[in-house]
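K.L.:
Please find one structure pasted underneath; my questions will follow.
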Amino acid sequence: MELGIDMHGLESMCRAMYEGQDQKQREEAEKTLMPLGESAENVVACFSIISGSSEPLAQVFAAACLLKIADNHWTRIPEAQRVELWKFCYSLLAERGPGLASYVVADVTAVFCRVTKLGWNDEGPYRSIVDDVSKFLEASEEHCDIGLIILNRITIEMNQSTPAIRKFFSQAQNRKVATSFRDLLLLRIFELSLSTLTRLSPPPAHSALRLRALQLAQSCLGFDFIGASFDEASEDMGTIHVPVAWRAVIEDPKTLTLFFDTYNGSANVNAEVAGKTIECLVQLSSIRRSIFSTDEKRLNYLYQHMRATVEVLSNNRGLDQPETYHHFCRWLSRLKANHELSELMGSDLFPDWIRNVAELTLHCISSDWSIVGNSLYYLLNLWSKLVHPISKLKRNSSTSLETYVEKIVQMYVTSRLHALQSETSPSDWDNLDDEENIAQEEFAEHLESIPAIFRLHYDKTAQFLIQLIDPLLEQYKAGITNNVPAVDRFLLERHLAWLVRVSGSVVGGRIISTSSENQEHSDGELSSRVFQLMIYTVDEDRSRSKMGVGKQPRGMIELDGAIVDFIQSFRKAYIGEQAVSTSKVYVRMSERLGISDHIVVLDVVASKIACILQKYGIVCGTAVVKKTLQLLSDLAFGHSSGRLLGKLKTIRSMLNNHGEESFLFMKGSSMGQQRTLFYQTLTKILFSLISLGEFDPEAEFERFLQPLQLRLEAIAAVQSDEMMINDPEVSNALIGALRDLRGIVTATLLKKTYTMFFDWFYPQHVPLLYRAIRVAAAAGSYPVCNPLLKFYAELVSNKPPRIIFDPSSPNGILLFRETSKIIVSYCTATLAQWNAAGRQGSDPYRQLYKGAATCLLMFSRSLSGNYVNFGVFGLYGDTALEDALRVSLEIALAIPVKDLLAYQKVSKAYFSLMDNLCANHASSIVAVEHDVFVHIVSTLQEGLSVSDVWSHCTEALDHLSEFRFRSSMKDTQNSRNFAAHLERSPNLFPTCLETVFTLILHEDCTNQWSLSRPLLSLILTNEGSYGAHSYPA
């Protein structure tokens, strides 16, 4: 050990580093000690510290250094020393483990297991780990505990791919090691966990060991047996595909009995052990059905689970603990997910089982949802799966089940209504900080499960909901004209909001299940009530519109959010291409409200949308506005509903009056993206009308843009550049106009519509935007720069092909010239500020990366748009292309490679640009300075390992190598430039070839063809390097 200090001094520094209060001492200790983990030569020194020190902090430090060395320098550790490291960890845990601190044991175990995995394919003792560690389980209680820790850690280690492992193992290699471990040792480890549980004395004795054994069993059952990597946090944790070799253990009734006994003994003694036992049973209930040798054994396995759940429910054993209760609900849900209803009903236990499950569900529903809400989700999901196949069974076999379903439906609705009575008062709501959460759906995951349950006996369910809604509707109607106390109004709106949400979920369930005429009648009955409420709220909104803008009542916000959710569900079921306008739902709605078809429905919906957009978004209701705009967009982009929308009076009014004075949400500081979506939607509706020949296209389009044109002219009239940026009124108007313009140009998907916009935009408004970017970039005003750059990035995008000017038109060239001016102005000013700050800042992404990515994207889209003949610029001495290329490369070089690869938007924009440049402007790439050229090729090589951009990198390398191959046949300036680069950096392209071969041969690539695309050109241009790495035939 070459630290120059004795063991006592090292222990003192470890204490200072881990526990010291003096910041300076901690930093000095860290600076002195940390080099120990940076070299493979320090392995022996770490051995000495762990063996020779009695200070736990020194031991844990040395173990951490060993892990760091293994993670970073595994290939530099000699093979003999790897074995020595493995044996050292094993001996330490075997001989001194019981006397070590628990955190030292954990860290040494981590090193032991990491070395085992990294050395799995090498010669050595690594694969004998279970034979060696099983001796721990037969020794003292302390050794048994350590043995279980080791087995649990190695199981987890083999099941995951950490960043450290990925340095040495490809995805395929990691999976190969995991598969080998699974086949050789995993079953034996699981059996060791079972045998340990069997040997332990009954609870409460050995609680710690029992918990360790259960954790080990859970890790074994949670192993990724087939490489599917399911998400255990999701509702359906996935079928567990244990190998056939596990059949005997799974089919043995003693296996389940062991877990049942463990739970029964611990339920009222140790909640943690009981909860972990239930988690194991959840996994065991998810074992694949095909593992069983016969149907009889599979059913017996199911009946064991049912018998155990009935016993637990009958005695309410352990269910007073929230964690145990939650996992028990998961267990019930998995039983149905993995077995058919007919199999459940085939057991004599089914009547007791379904009765107990129903009682549990009713009790859960009547409890506080803020505590049991997640558990209730699993129970509702269970009932949804139970009722789904009922129609396929004989009627007399499902009577009891249907009776319970009816009770659950009624309890689910009414319990929430009762809970709302005692929840937050209006005054408390005003003090809530997170307004977004207020308007969010309550228990939205529940609403995904209830449609199947509610639609089982839909006529009864609908009548029950109607009986609840009708009195509330009458109260609401009366409250519009009469002054109602705030508390009463608040509760009324929240009750209605809950019933509307439930109704929307149930009506929307039509699209996921078969629907009869009777069910459509019931949909019509429910929908007519909600649309009646919608009409009431629209009338009230209009009557209040004269009162001015203010903070809306919280209850109203929630009710409007629920109405929007209902409309979205109704749209999917009864409006649009999939819907039938003659559906029976409109019969009932016509009888009650005069709503005879989906056109009248759209008129009511449009009125409600307009009211919401006119009153929310400044001080409240932002989440409702977002959902409303998404609804309007979904309607507009539907083929039939989009055309119908434009014919409605309300929508026509929106097309004629769409400024901030009409829609207050546009003044909200956080409504930028919503403004863009709003104008994209309105423009889409306008173009749908134009396509129908409703009116003169150009005249109507200009009339639509007139308010925006007046705003732009007013901004252009501002004389002071400083005022344009620093005056909030002017800058906000400019930012809003840019976001509106982006929405409009996004909707121009055809040549005709894009040309109309371009003729309106150019040249009248181009000078204003150039002035704005020049002033804003110089002042570092990112809130102005970013929306302006994003607008231009959308303006120059030609996907789908829409920028198609006439052959004699110069518009394509003019568009690129203006784009180049924007890029050059922004990049020049930003780079000047960045360099002045020493190429560092408190927020590099905001200060440099974000704008740079948008500029690179603009340039890339311009190059790939196929609407500019770039040869014209060189021919006539125009430097627009040259300038844009120069500043784009400069700003790209200013971004460190690690950040370039880390930020997805930045990397996509950069590599897309490199792809386009290498494909069509390779001569410009070759003509750059040598350092820049090396940087470009090196980043392309780095990008090969990044999944989001590697296709751009392979194509760029292919184009560049092909350009080199073709130019080398002639004595041109291009060939001389390329030769000069290669003379100074001869290994540049051979390294790329080696990287491509490594990825193809060793990585798990989803598209081998694309990755191998540059191989031919790289081989032809690097024959010497290829020959040196190839093997003779």
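Each chain in the structure tokens gets a letter, A, B, ..., in the order shown, and its residues are numbered from 1; ligands are numbered from 1 in order too.
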Which residues come within 12 Å of Gly479 (chain A), counting only C-alpha atoms, excluding same-chain residues fewer than 3 positions away, as a list in words?

P.N.:
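Listing them by chain and then by number gives Leu472, Leu473, Glu474, Gln475, Tyr476, Asn482, Asn483, Val484, Pro485, Ala486, Asp488, Arg489, Phe490, Leu492, Glu493, Tyr536, Thr537 and Glu540 of chain A.
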
K.L.:
Selected residues, all heavy atoms, written as a short mmCIF file (atom, residue, chain, number, x, y, z; two decimals), in the first residue's frame, please.

P.N.:
```cif
data_model
loop_
_atom_site.label_atom_id
_atom_site.label_comp_id
_atom_site.auth_asym_id
_atom_site.auth_seq_id
_atom_site.Cartn_x
_atom_site.Cartn_y
_atom_site.Cartn_z
N LEU A 472 -79.72 15.72 -7.76
CA LEU A 472 -78.61 16.68 -7.77
C LEU A 472 -78.75 17.66 -8.94
O LEU A 472 -78.40 18.84 -8.81
CB LEU A 472 -77.27 15.93 -7.86
CG LEU A 472 -76.94 15.01 -6.68
CD1 LEU A 472 -75.62 14.30 -6.91
CD2 LEU A 472 -76.89 15.78 -5.38
N LEU A 473 -79.25 17.16 -10.07
CA LEU A 473 -79.47 18.04 -11.21
C LEU A 473 -80.49 19.11 -10.88
O LEU A 473 -80.33 20.30 -11.23
CB LEU A 473 -79.94 17.23 -12.43
CG LEU A 473 -78.87 16.63 -13.34
CD1 LEU A 473 -79.52 15.85 -14.47
CD2 LEU A 473 -77.98 17.72 -13.92
N GLU A 474 -81.56 18.70 -10.20
CA GLU A 474 -82.58 19.67 -9.82
C GLU A 474 -82.01 20.72 -8.86
O GLU A 474 -82.29 21.91 -8.97
CB GLU A 474 -83.76 18.94 -9.17
CG GLU A 474 -84.55 18.06 -10.13
CD GLU A 474 -85.15 18.87 -11.28
OE1 GLU A 474 -85.61 20.01 -11.04
OE2 GLU A 474 -85.14 18.37 -12.42
N GLN A 475 -81.19 20.27 -7.92
CA GLN A 475 -80.57 21.21 -7.00
C GLN A 475 -79.65 22.17 -7.73
O GLN A 475 -79.60 23.36 -7.43
CB GLN A 475 -79.77 20.44 -5.93
CG GLN A 475 -80.61 19.60 -4.99
CD GLN A 475 -79.76 18.85 -3.99
OE1 GLN A 475 -78.78 19.39 -3.46
NE2 GLN A 475 -80.12 17.60 -3.73
N TYR A 476 -78.90 21.64 -8.68
CA TYR A 476 -77.97 22.49 -9.42
C TYR A 476 -78.73 23.53 -10.24
O TYR A 476 -78.35 24.71 -10.28
CB TYR A 476 -77.10 21.64 -10.34
CG TYR A 476 -75.95 22.41 -10.98
CD1 TYR A 476 -74.73 22.52 -10.32
CD2 TYR A 476 -76.11 23.03 -12.20
CE1 TYR A 476 -73.68 23.23 -10.89
CE2 TYR A 476 -75.08 23.75 -12.78
CZ TYR A 476 -73.86 23.85 -12.11
OH TYR A 476 -72.83 24.57 -12.67
N ASN A 482 -80.74 30.92 -7.67
CA ASN A 482 -80.82 31.27 -6.25
C ASN A 482 -79.43 31.26 -5.63
O ASN A 482 -78.56 30.47 -6.04
CB ASN A 482 -81.71 30.28 -5.50
CG ASN A 482 -83.11 30.24 -6.09
OD1 ASN A 482 -83.65 31.26 -6.52
ND2 ASN A 482 -83.70 29.05 -6.12
N ASN A 483 -79.21 32.11 -4.69
CA ASN A 483 -77.95 32.12 -3.97
C ASN A 483 -77.88 30.92 -3.04
O ASN A 483 -78.72 30.74 -2.16
CB ASN A 483 -77.82 33.41 -3.15
CG ASN A 483 -77.63 34.62 -4.06
OD1 ASN A 483 -77.03 34.51 -5.12
ND2 ASN A 483 -78.16 35.77 -3.63
N VAL A 484 -76.85 30.10 -3.25
CA VAL A 484 -76.66 28.89 -2.46
C VAL A 484 -75.40 29.06 -1.63
O VAL A 484 -74.39 29.56 -2.14
CB VAL A 484 -76.54 27.65 -3.37
CG1 VAL A 484 -76.29 26.39 -2.55
CG2 VAL A 484 -77.79 27.51 -4.22
N PRO A 485 -75.40 28.69 -0.35
CA PRO A 485 -74.18 28.78 0.46
C PRO A 485 -73.01 28.08 -0.22
O PRO A 485 -73.18 27.05 -0.89
CB PRO A 485 -74.58 28.08 1.77
CG PRO A 485 -76.06 28.24 1.84
CD PRO A 485 -76.55 28.18 0.43
N ALA A 486 -71.82 28.65 -0.04
CA ALA A 486 -70.62 28.14 -0.73
C ALA A 486 -70.36 26.68 -0.42
O ALA A 486 -69.98 25.90 -1.30
CB ALA A 486 -69.41 28.99 -0.36
N ASP A 488 -72.52 24.33 0.50
CA ASP A 488 -73.50 23.49 -0.18
C ASP A 488 -73.21 23.40 -1.67
O ASP A 488 -73.31 22.31 -2.27
CB ASP A 488 -74.91 24.04 0.04
CG ASP A 488 -75.34 23.96 1.50
OD1 ASP A 488 -74.72 23.17 2.25
OD2 ASP A 488 -76.28 24.68 1.88
N ARG A 489 -72.86 24.52 -2.27
CA ARG A 489 -72.55 24.52 -3.70
C ARG A 489 -71.29 23.68 -3.97
O ARG A 489 -71.23 22.92 -4.95
CB ARG A 489 -72.34 25.97 -4.16
CG ARG A 489 -71.93 26.12 -5.63
CD ARG A 489 -73.02 25.61 -6.55
NE ARG A 489 -72.62 25.74 -7.94
CZ ARG A 489 -73.12 26.65 -8.77
NH1 ARG A 489 -74.05 27.49 -8.35
NH2 ARG A 489 -72.72 26.71 -10.02
N PHE A 490 -70.33 23.80 -3.10
CA PHE A 490 -69.08 23.05 -3.23
C PHE A 490 -69.35 21.55 -3.20
O PHE A 490 -68.87 20.79 -4.06
CB PHE A 490 -68.15 23.47 -2.10
CG PHE A 490 -66.87 22.68 -2.00
CD1 PHE A 490 -65.86 22.86 -2.93
CD2 PHE A 490 -66.67 21.77 -0.97
CE1 PHE A 490 -64.68 22.15 -2.83
CE2 PHE A 490 -65.50 21.07 -0.87
CZ PHE A 490 -64.49 21.25 -1.80
N LEU A 492 -72.21 20.00 -3.72
CA LEU A 492 -73.06 19.63 -4.85
C LEU A 492 -72.22 19.42 -6.10
O LEU A 492 -72.40 18.43 -6.83
CB LEU A 492 -74.11 20.72 -5.08
CG LEU A 492 -75.02 20.55 -6.30
CD1 LEU A 492 -75.83 19.26 -6.18
CD2 LEU A 492 -75.94 21.76 -6.44
N GLU A 493 -71.31 20.33 -6.36
CA GLU A 493 -70.46 20.22 -7.56
C GLU A 493 -69.53 19.01 -7.47
O GLU A 493 -69.31 18.31 -8.48
CB GLU A 493 -69.66 21.51 -7.73
CG GLU A 493 -70.51 22.69 -8.16
CD GLU A 493 -69.79 24.01 -8.07
OE1 GLU A 493 -68.77 24.09 -7.33
OE2 GLU A 493 -70.23 24.98 -8.72
N TYR A 536 -76.73 23.22 -18.47
CA TYR A 536 -76.88 24.10 -17.31
C TYR A 536 -75.58 24.88 -17.06
O TYR A 536 -75.60 26.09 -16.80
CB TYR A 536 -77.22 23.29 -16.06
CG TYR A 536 -78.61 22.71 -16.05
CD1 TYR A 536 -78.94 21.63 -15.22
CD2 TYR A 536 -79.63 23.24 -16.84
CE1 TYR A 536 -80.22 21.09 -15.18
CE2 TYR A 536 -80.91 22.71 -16.82
CZ TYR A 536 -81.20 21.63 -16.00
OH TYR A 536 -82.47 21.11 -15.99
N THR A 537 -74.44 24.18 -17.12
CA THR A 537 -73.16 24.85 -16.83
C THR A 537 -72.82 25.87 -17.90
O THR A 537 -72.25 26.93 -17.59
CB THR A 537 -72.02 23.83 -16.71
OG1 THR A 537 -71.89 23.10 -17.94
CG2 THR A 537 -72.27 22.85 -15.58
N GLU A 540 -74.85 28.89 -17.20
CA GLU A 540 -74.32 29.61 -16.05
C GLU A 540 -73.03 30.34 -16.40
O GLU A 540 -72.81 31.48 -15.98
CB GLU A 540 -74.08 28.63 -14.90
CG GLU A 540 -73.62 29.32 -13.63
CD GLU A 540 -73.41 28.35 -12.48
OE1 GLU A 540 -73.26 27.13 -12.76
OE2 GLU A 540 -73.40 28.79 -11.33
#
```

K.L.:
Residues near region 725-737 of chain A, anyone? I mean within 10 Å using only C-alpha atoms, not counting same-chain ones fewer than 2 positions away, as a PDB file with C-alpha atoms, in the first residue's frame.

P.N.:
```pdb
ATOM      1  CA  GLU A 660     -56.385  36.690 -25.994  1.00  0.00           C
ATOM      2  CA  MET A 666     -53.847  32.357 -23.659  1.00  0.00           C
ATOM      3  CA  LYS A 667     -52.742  34.932 -21.099  1.00  0.00           C
ATOM      4  CA  SER A 669     -47.858  32.121 -18.137  1.00  0.00           C
ATOM      5  CA  MET A 671     -50.013  28.035 -21.454  1.00  0.00           C
ATOM      6  CA  GLY A 672     -47.357  28.191 -24.188  1.00  0.00           C
ATOM      7  CA  ARG A 675     -51.569  28.094 -27.390  1.00  0.00           C
ATOM      8  CA  THR A 676     -49.687  26.191 -30.068  1.00  0.00           C
ATOM      9  CA  LEU A 708     -52.352  37.897 -35.643  1.00  0.00           C
ATOM     10  CA  GLN A 709     -51.197  40.259 -38.367  1.00  0.00           C
ATOM     11  CA  ARG A 711     -50.380  42.019 -33.349  1.00  0.00           C
ATOM     12  CA  LEU A 712     -47.222  41.514 -35.401  1.00  0.00           C
ATOM     13  CA  ALA A 714     -47.978  46.514 -33.525  1.00  0.00           C
ATOM     14  CA  ILE A 715     -44.833  44.771 -32.285  1.00  0.00           C
ATOM     15  CA  ALA A 716     -42.903  45.820 -35.388  1.00  0.00           C
ATOM     16  CA  VAL A 718     -42.009  49.416 -31.413  1.00  0.00           C
ATOM     17  CA  SER A 720     -36.790  50.624 -29.188  1.00  0.00           C
ATOM     18  CA  ASP A 721     -35.003  47.283 -29.382  1.00  0.00           C
ATOM     19  CA  GLU A 722     -34.614  47.336 -25.622  1.00  0.00           C
ATOM     20  CA  MET A 723     -38.353  47.743 -25.140  1.00  0.00           C
ATOM     21  CA  ARG A 739     -46.320  30.186 -30.454  1.00  0.00           C
ATOM     22  CA  ASP A 740     -49.510  30.905 -32.375  1.00  0.00           C
ATOM     23  CA  LEU A 741     -47.578  30.993 -35.656  1.00  0.00           C
ATOM     24  CA  ARG A 742     -45.967  27.665 -34.870  1.00  0.00           C
ATOM     25  CA  GLY A 743     -49.367  26.074 -34.293  1.00  0.00           C
ATOM     26  CA  LEU A 768     -39.582  41.539 -37.504  1.00  0.00           C
ATOM     27  CA  LEU A 769     -38.475  38.013 -36.658  1.00  0.00           C
ATOM     28  CA  ALA A 772     -36.307  39.885 -32.686  1.00  0.00           C
ATOM     29  CA  VAL A 775     -31.939  41.608 -30.200  1.00  0.00           C
ATOM     30  CA  ALA A 776     -33.041  38.679 -28.036  1.00  0.00           C
ATOM     31  CA  ALA A 779     -29.554  40.141 -24.640  1.00  0.00           C
ATOM     32  CA  GLY A 780     -29.636  36.427 -23.725  1.00  0.00           C
ATOM     33  CA  SER A 781     -33.445  36.468 -23.697  1.00  0.00           C
ATOM     34  CA  PRO A 783     -37.907  33.020 -23.493  1.00  0.00           C
ATOM     35  CA  VAL A 784     -38.023  34.938 -26.801  1.00  0.00           C
ATOM     36  CA  CYS A 785     -35.339  33.014 -28.666  1.00  0.00           C
ATOM     37  CA  ASN A 786     -36.675  29.506 -28.032  1.00  0.00           C
ATOM     38  CA  PRO A 787     -40.223  29.928 -29.445  1.00  0.00           C
ATOM     39  CA  LEU A 788     -38.822  31.870 -32.415  1.00  0.00           C
TER      40      LEU A 788
END
```

K.L.:
Could you give me, as a PyMOL selection string, each residue of region 708-883 of chain A that DSSP assigns to alpha helix (DSSP H) when run on this structure's backbone?

P.N.:
chain A and resi 708-716+721-726+728-746+751-761+766-779+782-795+811-836+844+850-864+871-875+880-883
